[in-house]
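**Q** What follows is the file entry-v4.cif, containing mmCIF, C-alpha atoms:
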```cif
data_my_file
loop_
_atom_site.group_PDB
_atom_site.id
_atom_site.type_symbol
_atom_site.label_atom_id
_atom_site.label_comp_id
_atom_site.auth_asym_id
_atom_site.auth_seq_id
_atom_site.Cartn_x
_atom_site.Cartn_y
_atom_site.Cartn_z
ATOM 1 C CA MET A 293 -169.336 -111.130 -72.394
ATOM 2 C CA ASN A 294 -167.185 -111.089 -75.509
ATOM 3 C CA ASN A 295 -166.720 -108.161 -77.887
ATOM 4 C CA VAL A 296 -168.988 -109.596 -80.571
ATOM 5 C CA SER A 297 -172.024 -109.638 -78.301
ATOM 6 C CA LEU A 298 -171.414 -106.438 -76.363
ATOM 7 C CA LYS A 299 -174.086 -104.448 -78.136
ATOM 8 C CA SER A 300 -176.604 -107.246 -78.537
ATOM 9 C CA THR A 301 -178.350 -106.118 -75.362
ATOM 10 C CA HIS A 302 -178.667 -102.495 -76.443
ATOM 11 C CA LEU A 303 -181.507 -100.839 -78.310
ATOM 12 C CA PHE A 304 -180.918 -99.154 -81.638
ATOM 13 C CA SER A 305 -184.088 -97.137 -82.192
ATOM 14 C CA SER A 306 -186.748 -94.893 -80.689
ATOM 15 C CA LYS A 307 -188.719 -96.207 -77.727
ATOM 16 C CA GLY A 308 -191.974 -94.994 -79.274
ATOM 17 C CA SER A 309 -192.576 -92.588 -76.402
ATOM 18 C CA GLY A 310 -191.224 -89.355 -77.857
ATOM 19 C CA ASP A 311 -187.760 -90.208 -76.581
ATOM 20 C CA THR A 312 -184.846 -91.503 -78.636
ATOM 21 C CA LEU A 313 -181.791 -93.585 -77.950
ATOM 22 C CA LEU A 314 -178.354 -92.181 -78.705
ATOM 23 C CA GLU A 315 -175.299 -94.455 -78.987
ATOM 24 C CA GLY A 316 -177.479 -97.489 -78.463
ATOM 25 C CA ASP A 317 -178.350 -97.062 -74.790
ATOM 26 C CA LEU A 318 -178.612 -93.341 -73.912
ATOM 27 C CA LEU A 319 -182.198 -92.226 -73.490
ATOM 28 C CA ILE A 320 -182.522 -88.600 -74.616
ATOM 29 C CA PRO A 321 -185.944 -87.056 -73.866
ATOM 30 C CA LYS A 322 -186.956 -84.705 -76.656
ATOM 31 C CA ALA A 323 -188.654 -82.422 -74.151
ATOM 32 C CA ARG A 324 -185.517 -81.934 -72.095
ATOM 33 C CA ASN A 325 -183.512 -78.782 -72.617
ATOM 34 C CA ALA A 326 -179.857 -79.694 -72.295
ATOM 35 C CA MET A 327 -179.109 -76.060 -71.475
ATOM 36 C CA LYS A 328 -180.687 -76.624 -68.072
ATOM 37 C CA CYS A 329 -177.354 -78.024 -67.036
ATOM 38 C CA LEU A 330 -175.978 -74.473 -67.241
ATOM 39 C CA ASN A 331 -178.662 -73.120 -64.910
ATOM 40 C CA LYS A 332 -177.612 -72.831 -61.250
ATOM 41 C CA GLU A 333 -181.089 -73.956 -60.236
ATOM 42 C CA TYR A 334 -180.693 -77.238 -62.059
ATOM 43 C CA SER A 335 -177.878 -79.731 -62.134
ATOM 44 C CA CYS A 336 -177.232 -82.800 -64.247
ATOM 45 C CA LEU A 337 -175.212 -84.156 -61.335
ATOM 46 C CA TRP A 338 -176.689 -85.796 -58.281
ATOM 47 C CA GLN A 339 -176.277 -83.643 -55.202
ATOM 48 C CA LYS A 340 -174.264 -84.245 -52.072
ATOM 49 C CA SER A 341 -175.822 -84.673 -48.674
ATOM 50 C CA ALA A 342 -174.523 -83.010 -45.523
ATOM 51 C CA ASP A 343 -172.239 -85.944 -44.736
ATOM 52 C CA GLY A 344 -170.513 -85.735 -48.126
ATOM 53 C CA SER A 345 -172.183 -88.731 -49.712
ATOM 54 C CA VAL A 346 -174.090 -88.538 -52.983
ATOM 55 C CA ASP A 347 -177.417 -90.192 -52.311
ATOM 56 C CA ILE A 348 -179.300 -91.594 -55.302
ATOM 57 C CA PRO A 349 -182.787 -92.865 -54.477
ATOM 58 C CA PHE A 350 -183.844 -95.965 -56.381
ATOM 59 C CA LEU A 351 -186.650 -98.411 -56.907
ATOM 60 C CA ILE A 352 -186.252 -101.914 -58.340
ATOM 61 C CA SER A 353 -189.177 -103.437 -60.193
ATOM 62 C CA ASN A 354 -190.826 -106.447 -58.573
ATOM 63 C CA LYS A 355 -190.701 -108.167 -61.965
ATOM 64 C CA TYR A 356 -187.159 -109.301 -61.191
ATOM 65 C CA ASP A 357 -186.634 -112.544 -59.296
ATOM 66 C CA ASN A 358 -184.482 -112.676 -56.153
ATOM 67 C CA THR A 359 -181.320 -113.696 -58.006
ATOM 68 C CA GLU A 360 -181.650 -110.812 -60.466
ATOM 69 C CA ARG A 361 -182.468 -108.331 -57.732
ATOM 70 C CA ASN A 362 -179.450 -109.412 -55.695
ATOM 71 C CA GLU A 363 -177.172 -109.032 -58.719
ATOM 72 C CA ILE A 364 -178.428 -105.475 -59.242
ATOM 73 C CA LEU A 365 -177.991 -104.619 -55.553
ATOM 74 C CA SER A 366 -174.494 -106.105 -55.538
ATOM 75 C CA ALA A 367 -173.473 -104.033 -58.566
ATOM 76 C CA MET A 368 -174.838 -100.917 -56.865
ATOM 77 C CA LYS A 369 -173.085 -101.733 -53.587
ATOM 78 C CA ASP A 370 -169.783 -101.733 -55.454
ATOM 79 C CA PHE A 371 -170.148 -97.962 -55.926
ATOM 80 C CA GLU A 372 -170.493 -97.507 -52.177
ATOM 81 C CA TYR A 373 -167.322 -99.473 -51.458
ATOM 82 C CA LYS A 374 -165.205 -97.395 -53.842
ATOM 83 C CA THR A 375 -166.828 -93.943 -54.150
ATOM 84 C CA CYS A 376 -169.083 -91.508 -52.279
ATOM 85 C CA ILE A 377 -172.103 -92.667 -54.308
ATOM 86 C CA ARG A 378 -174.833 -94.208 -52.180
ATOM 87 C CA PHE A 379 -177.843 -95.861 -53.771
ATOM 88 C CA ILE A 380 -180.644 -95.580 -51.219
ATOM 89 C CA PRO A 381 -184.200 -96.981 -51.351
ATOM 90 C CA ARG A 382 -186.585 -94.265 -52.487
ATOM 91 C CA ALA A 383 -189.004 -92.809 -49.958
ATOM 92 C CA ASN A 384 -190.752 -89.833 -51.543
ATOM 93 C CA GLN A 385 -187.894 -88.098 -53.377
ATOM 94 C CA ARG A 386 -188.860 -86.504 -56.675
ATOM 95 C CA ALA A 387 -185.614 -87.377 -58.458
ATOM 96 C CA TYR A 388 -184.901 -91.089 -58.443
ATOM 97 C CA VAL A 389 -183.757 -94.026 -60.540
ATOM 98 C CA SER A 390 -186.339 -96.635 -61.452
ATOM 99 C CA ILE A 391 -184.741 -99.921 -62.481
ATOM 100 C CA GLU A 392 -187.085 -101.796 -64.775
ATOM 101 C CA PRO A 393 -186.897 -104.810 -67.133
ATOM 102 C CA ARG A 394 -187.874 -103.038 -70.331
ATOM 103 C CA SER A 395 -186.645 -104.051 -73.789
ATOM 104 C CA GLY A 396 -182.861 -103.802 -73.788
ATOM 105 C CA CYS A 397 -180.344 -101.955 -71.620
ATOM 106 C CA PHE A 398 -180.528 -98.159 -71.532
ATOM 107 C CA SER A 399 -180.391 -95.126 -69.259
ATOM 108 C CA SER A 400 -180.795 -91.372 -69.229
ATOM 109 C CA LEU A 401 -177.626 -89.281 -69.093
ATOM 110 C CA GLY A 402 -177.100 -87.684 -65.703
ATOM 111 C CA ARG A 403 -179.741 -86.546 -63.228
ATOM 112 C CA ILE A 404 -182.910 -85.356 -64.936
ATOM 113 C CA GLY A 405 -184.719 -84.177 -61.792
ATOM 114 C CA ASP A 406 -187.626 -86.616 -61.863
ATOM 115 C CA LYS A 407 -188.206 -90.335 -62.294
ATOM 116 C CA GLN A 408 -185.624 -91.718 -64.696
ATOM 117 C CA VAL A 409 -185.656 -95.254 -65.976
ATOM 118 C CA VAL A 410 -182.633 -97.511 -66.080
ATOM 119 C CA SER A 411 -183.740 -100.421 -68.211
ATOM 120 C CA LEU A 412 -182.144 -103.773 -67.492
ATOM 121 C CA GLN A 413 -183.809 -106.451 -69.576
ATOM 122 C CA ARG A 414 -184.038 -109.689 -67.629
ATOM 123 C CA PHE A 415 -182.297 -111.759 -70.291
ATOM 124 C CA GLY A 416 -179.049 -110.117 -71.391
ATOM 125 C CA CYS A 417 -178.637 -107.119 -69.075
ATOM 126 C CA ILE A 418 -178.410 -108.590 -65.577
ATOM 127 C CA GLN A 419 -174.630 -108.703 -65.408
ATOM 128 C CA ARG A 420 -172.457 -106.633 -63.078
ATOM 129 C CA GLY A 421 -170.570 -104.723 -65.765
ATOM 130 C CA ILE A 422 -173.699 -103.966 -67.789
ATOM 131 C CA ILE A 423 -175.582 -102.807 -64.705
ATOM 132 C CA GLN A 424 -172.695 -100.542 -63.737
ATOM 133 C CA HIS A 425 -172.403 -99.282 -67.315
ATOM 134 C CA GLU A 426 -176.000 -98.055 -67.287
ATOM 135 C CA LEU A 427 -175.698 -96.609 -63.781
ATOM 136 C CA LEU A 428 -172.601 -94.682 -64.889
ATOM 137 C CA HIS A 429 -174.720 -93.132 -67.631
ATOM 138 C CA ALA A 430 -177.220 -92.107 -64.946
ATOM 139 C CA LEU A 431 -174.338 -90.494 -63.049
ATOM 140 C CA GLY A 432 -173.470 -88.414 -66.107
ATOM 141 C CA PHE A 433 -170.855 -90.373 -68.047
ATOM 142 C CA TYR A 434 -170.715 -90.836 -71.822
ATOM 143 C CA HIS A 435 -169.167 -93.801 -73.607
ATOM 144 C CA GLU A 436 -165.379 -93.912 -73.627
ATOM 145 C CA HIS A 437 -165.113 -94.150 -77.412
ATOM 146 C CA THR A 438 -166.733 -90.696 -77.816
ATOM 147 C CA ARG A 439 -164.123 -88.869 -75.711
ATOM 148 C CA SER A 440 -162.768 -85.660 -77.189
ATOM 149 C CA ASP A 441 -159.270 -87.161 -77.504
ATOM 150 C CA ARG A 442 -160.327 -90.581 -78.795
ATOM 151 C CA ASP A 443 -158.617 -90.226 -82.197
ATOM 152 C CA GLN A 444 -155.254 -90.593 -80.483
ATOM 153 C CA TYR A 445 -156.220 -94.018 -79.179
ATOM 154 C CA ILE A 446 -158.737 -95.606 -81.547
ATOM 155 C CA ARG A 447 -159.608 -95.531 -85.213
ATOM 156 C CA ILE A 448 -163.244 -95.740 -86.275
ATOM 157 C CA ASN A 449 -163.689 -97.923 -89.343
ATOM 158 C CA TRP A 450 -166.521 -95.945 -90.898
ATOM 159 C CA ASP A 451 -166.738 -98.271 -93.902
ATOM 160 C CA ASN A 452 -167.808 -101.118 -91.614
ATOM 161 C CA LEU A 453 -170.602 -99.085 -90.021
ATOM 162 C CA HIS A 454 -174.198 -99.000 -91.037
ATOM 163 C CA GLN A 455 -174.771 -95.359 -91.959
ATOM 164 C CA TYR A 456 -177.792 -95.215 -89.660
ATOM 165 C CA PHE A 457 -175.542 -95.835 -86.656
ATOM 166 C CA ALA A 458 -172.736 -93.414 -87.574
ATOM 167 C CA LEU A 459 -174.085 -90.866 -85.084
ATOM 168 C CA ASN A 460 -173.270 -93.318 -82.294
ATOM 169 C CA PHE A 461 -169.568 -92.696 -82.949
ATOM 170 C CA LYS A 462 -169.631 -88.892 -82.974
ATOM 171 C CA LYS A 463 -167.059 -87.347 -80.639
ATOM 172 C CA LYS A 464 -168.250 -85.288 -77.685
ATOM 173 C CA SER A 465 -166.737 -82.219 -76.093
ATOM 174 C CA THR A 466 -166.056 -84.114 -72.902
ATOM 175 C CA ASN A 467 -164.528 -83.274 -69.562
ATOM 176 C CA ASN A 468 -162.023 -86.106 -69.269
ATOM 177 C CA LEU A 469 -161.227 -85.205 -65.647
ATOM 178 C CA ASN A 470 -157.483 -85.460 -66.263
ATOM 179 C CA THR A 471 -157.720 -89.228 -66.582
ATOM 180 C CA PRO A 472 -156.160 -91.322 -69.348
ATOM 181 C CA TYR A 473 -158.084 -92.925 -72.179
ATOM 182 C CA ASP A 474 -159.125 -96.319 -70.860
ATOM 183 C CA TYR A 475 -159.517 -99.345 -73.123
ATOM 184 C CA THR A 476 -160.564 -101.311 -70.021
ATOM 185 C CA SER A 477 -163.384 -98.948 -69.059
ATOM 186 C CA VAL A 478 -166.761 -100.570 -68.629
ATOM 187 C CA MET A 479 -167.978 -97.630 -70.750
ATOM 188 C CA HIS A 480 -165.963 -98.640 -73.822
ATOM 189 C CA TYR A 481 -167.680 -100.147 -76.851
ATOM 190 C CA GLY A 482 -166.591 -103.515 -78.183
ATOM 191 C CA ARG A 483 -164.701 -103.921 -81.466
ATOM 192 C CA THR A 484 -167.721 -104.858 -83.552
ATOM 193 C CA ALA A 485 -170.301 -102.451 -82.124
ATOM 194 C CA PHE A 486 -172.896 -101.628 -84.802
ATOM 195 C CA GLY A 487 -170.711 -103.253 -87.458
ATOM 196 C CA LYS A 488 -171.990 -104.648 -90.748
ATOM 197 C CA ASN A 489 -172.166 -108.436 -90.462
ATOM 198 C CA GLY A 490 -170.046 -108.413 -87.312
ATOM 199 C CA LYS A 491 -167.155 -106.466 -88.858
ATOM 200 C CA GLU A 492 -164.821 -104.451 -86.636
ATOM 201 C CA THR A 493 -165.753 -100.808 -86.176
ATOM 202 C CA ILE A 494 -163.276 -99.760 -83.466
ATOM 203 C CA ILE A 495 -159.548 -100.416 -83.876
ATOM 204 C CA PRO A 496 -157.171 -99.538 -81.004
ATOM 205 C CA ILE A 497 -154.029 -97.645 -82.051
ATOM 206 C CA PRO A 498 -151.138 -98.025 -82.228
ATOM 207 C CA ASP A 499 -151.556 -101.608 -80.936
ATOM 208 C CA SER A 500 -154.612 -103.057 -82.667
ATOM 209 C CA SER A 501 -154.526 -106.178 -80.462
ATOM 210 C CA VAL A 502 -155.421 -104.327 -77.249
ATOM 211 C CA PRO A 503 -158.581 -105.822 -75.665
ATOM 212 C CA ILE A 504 -161.519 -103.398 -75.472
ATOM 213 C CA GLY A 505 -165.127 -103.519 -74.397
ATOM 214 C CA GLN A 506 -165.159 -105.529 -71.160
ATOM 215 C CA ARG A 507 -168.351 -105.767 -69.117
ATOM 216 C CA LYS A 508 -166.970 -107.477 -66.025
ATOM 217 C CA GLU A 509 -166.882 -104.506 -63.654
ATOM 218 C CA MET A 510 -165.830 -100.872 -63.355
ATOM 219 C CA SER A 511 -162.163 -100.224 -64.077
ATOM 220 C CA LYS A 512 -159.849 -98.243 -61.794
ATOM 221 C CA ASN A 513 -160.268 -95.235 -64.074
ATOM 222 C CA ASP A 514 -164.059 -95.540 -64.019
ATOM 223 C CA ILE A 515 -163.886 -95.324 -60.230
ATOM 224 C CA LEU A 516 -161.366 -92.473 -60.312
ATOM 225 C CA ARG A 517 -163.627 -90.451 -62.597
ATOM 226 C CA ILE A 518 -166.620 -90.853 -60.327
ATOM 227 C CA ASN A 519 -164.579 -89.642 -57.398
ATOM 228 C CA ARG A 520 -163.291 -86.643 -59.349
ATOM 229 C CA LEU A 521 -166.602 -85.675 -60.899
ATOM 230 C CA TYR A 522 -168.397 -85.820 -57.551
ATOM 231 C CA SER A 523 -165.438 -84.573 -55.445
ATOM 232 C CA CYS A 524 -165.551 -87.660 -53.256
#
```
Would you write out, as structure tokens, the structure that this file holds?

**A**
Amino acid sequence: MNNVSLKSTHLFSSKGSGDTLLEGDLLIPKARNAMKCLNKEYSCLWQKSADGSVDIPFLISNKYDNTERNEILSAMKDFEYKTCIRFIPRANQRAYVSIEPRSGCFSSLGRIGDKQVVSLQRFGCIQRGIIQHELLHALGFYHEHTRSDRDQYIRINWDNLHQYFALNFKKKSTNNLNTPYDYTSVMHYGRTAFGKNGKETIIPIPDSSVPIGQRKEMSKNDILRINRLYSC
């Protein structure tokens, strides 16, 4: 998928359910207290099993056809090959990921402790890099362009942004896990994300020609960060 169309599969507004979308594809429940992540009885990270793997129960909607389902399973299997993350079919676990073909591509951020939807619209979202992008959100990762140190590596062209979407480019106080800024991360926005009439909103610096915003598959740094965050 090219940079121009990277955000075409993301939602830009409320889902009409009391929840809102941040940065285009992060589902933020209004009822959730983010401070729970500081409570020892609650974690925004998925927990390790006795054998050291991080098991994430999942269900896949039967609205997908076999080709779509296999693409989702293949993208999930990639985590198992390269990290300690294991997506396992849900039995009766309370916390699980429900993959559904809703409108657009979006996910909650981190483990919320109950059913959490990863939306993969049938037309536009069933692509390895997009699937992995949304699953990385579910694992607890923000977009690359909101990293705390991003101003050393990219320039946001605020004049080319619709004011309504400016919040999508707000920096976060992130734990960068001692990994370098990664233009090739599957979590990086494309150049024209939320731009007026397709104008560029993200300019790499100092070399403005650096490619950004790929959705082919997780980069080496994406994989490294999973392994560091979950102590694989």

**Q** Give the answer as one residue: which of A:Thr471, A:Ser390, A:Ser341, A:Asn384 has the shortest atom-to-atom distance to A:Asn354, using all atoms listed in the file?

**A**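 Ranking A:Thr471, A:Ser390, A:Ser341, A:Asn384 by distance to A:Asn354, first place goes to A:Ser390.
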
**Q** Near stretch 376-383 of chain A, within 8 Å and counting all atoms listed in the file, which residues show up once chain neighbours fewer than 5 positions away are dropped, as a compact mmCIF listing (two decimals) with C-alpha atoms, keeping the file's coordinate frame?

**A**
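selection_19.txt written:
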```txt
# COMPACT_ATOMS: atom_id res chain seq x y z
CA GLY A 344 -170.51 -85.74 -48.13
CA SER A 345 -172.18 -88.73 -49.71
CA VAL A 346 -174.09 -88.54 -52.98
CA ASP A 347 -177.42 -90.19 -52.31
CA ILE A 348 -179.30 -91.59 -55.30
CA PRO A 349 -182.79 -92.86 -54.48
CA PHE A 350 -183.84 -95.96 -56.38
CA LEU A 351 -186.65 -98.41 -56.91
CA MET A 368 -174.84 -100.92 -56.86
CA LYS A 369 -173.08 -101.73 -53.59
CA PHE A 371 -170.15 -97.96 -55.93
CA TYR A 388 -184.90 -91.09 -58.44
CA ASN A 519 -164.58 -89.64 -57.40
CA TYR A 522 -168.40 -85.82 -57.55
CA CYS A 524 -165.55 -87.66 -53.26
```

**Q** I need the residue nearest A:Ile448 from this list: A:Lys464, A:Arg520, A:Arg483, A:His425. Use only C-alpha atoms for the distance.

**A**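 Selected residue with least distance to A:Ile448: A:Arg483.
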
**Q** If you count all atoms listed in the file, which residues fall within 10 Å of A:Gly405, apart from same-chain ones fewer than 3 positions away, as a list in words?

**A**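 The residues satisfying every condition are Tyr334, Ser335, Cys336, Leu337, Trp338, Gln385, Arg386, Ala387, Tyr388, Val389, Gly402 and Gln408 of chain A.
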
**Q** For each of A:Asn362, A:Gln339, A:Asn513, A:Thr375, take the minimum atom-to-atom distance to A:Asn470, counting only C-alpha atoms, then give the residue where this is smallest.

**A**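 Of all the options, A:Asn513 lies closest to A:Asn470.
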
**Q** Could you please determine the separation between atom CA of A:Met510 and atom CA of A:Lys488 in Å, to one decimal place?

**A**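 Atom-to-atom, atom CA of A:Met510 and atom CA of A:Lys488 are spaced 28.3 Å apart.
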
**Q** Excluding same-chain residues fewer than 6 positions from A:Arg414, what lies within 8 Å of it counting all atoms listed in the file, as an MDAnalysis selection string?

**A** chainID A and resid 356 360 393

**Q** Just give me the gap between atom CA of A:His437 and atom CA of A:Ala458 in Å, one decimal is fine.

**A**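 For atom CA of A:His437 relative to atom CA of A:Ala458, the distance reads 12.7 Å.
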
**Q** At what distance in Å, to one decimal, does atom CA of A:Leu469 lie from atom CA of A:Cys397?

**A**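 Rounded to one decimal, the two atoms are 26.1 Å apart.
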
**Q** Residues at most 12 Å from A:Asn449, counting only C-alpha atoms, excluding those fewer than 6 positions away in the same chain, as a PyMOL selection string?

**A** chain A and resi 443+455+458+461+483-488+491-496

**Q** Residues proximal to (-165.4, -86.1, -72.6) were defined as those with any atom within 12 Å of that point in the file's coordinates, counting all atoms listed in the file. Which are they, as a ChimeraX atom specification?

**A** /A:432-442,462-473,479,517,521

**Q** Restricted to C-alpha atoms, what would the selected residues look like written as a short mmCIF file (atom, residue, chain, number, x, y, z; two decimals), keeping the file's coordinate frame?

**A**
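To be explicit, this is the file written out as selection_13.cif:
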```
data_model
loop_
_atom_site.label_atom_id
_atom_site.label_comp_id
_atom_site.auth_asym_id
_atom_site.auth_seq_id
_atom_site.Cartn_x
_atom_site.Cartn_y
_atom_site.Cartn_z
CA GLY A 432 -173.47 -88.41 -66.11
CA PHE A 433 -170.86 -90.37 -68.05
CA TYR A 434 -170.72 -90.84 -71.82
CA HIS A 435 -169.17 -93.80 -73.61
CA GLU A 436 -165.38 -93.91 -73.63
CA HIS A 437 -165.11 -94.15 -77.41
CA THR A 438 -166.73 -90.70 -77.82
CA ARG A 439 -164.12 -88.87 -75.71
CA SER A 440 -162.77 -85.66 -77.19
CA ASP A 441 -159.27 -87.16 -77.50
CA ARG A 442 -160.33 -90.58 -78.80
CA LYS A 462 -169.63 -88.89 -82.97
CA LYS A 463 -167.06 -87.35 -80.64
CA LYS A 464 -168.25 -85.29 -77.68
CA SER A 465 -166.74 -82.22 -76.09
CA THR A 466 -166.06 -84.11 -72.90
CA ASN A 467 -164.53 -83.27 -69.56
CA ASN A 468 -162.02 -86.11 -69.27
CA LEU A 469 -161.23 -85.20 -65.65
CA ASN A 470 -157.48 -85.46 -66.26
CA THR A 471 -157.72 -89.23 -66.58
CA PRO A 472 -156.16 -91.32 -69.35
CA TYR A 473 -158.08 -92.92 -72.18
CA MET A 479 -167.98 -97.63 -70.75
CA ARG A 517 -163.63 -90.45 -62.60
CA LEU A 521 -166.60 -85.68 -60.90
#
```

**Q** I would like the residues chosen by the PyMOL selection byres ((chain A and resi 363) around 12) on the shown file; could you give them as a list in words?

**A**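 For this structure, the PyMOL selection byres ((chain A and resi 363) around 12) resolves to Ile352, Tyr356, Asp357, Asn358, Thr359, Glu360, Arg361, Asn362, Ile364, Leu365, Ser366, Ala367, Met368, Lys369, Asp370, Leu412, Arg414, Cys417, Ile418, Gln419, Arg420, Gly421, Ile422, Ile423 and Gln424 of chain A.
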
**Q** Please enclose the listed atoms of stretch 468-486 of chain A in an axis-aligned box, pad each side by 3 Å, and write out the centre and the three edge lengths in Å, rounded to one decimal, as AutoDock Vina command-line options.

**A**
```
--center_x -164.5 --center_y -95.0 --center_z -75.2 --size_x 22.7 --size_y 25.7 --size_z 25.2
```
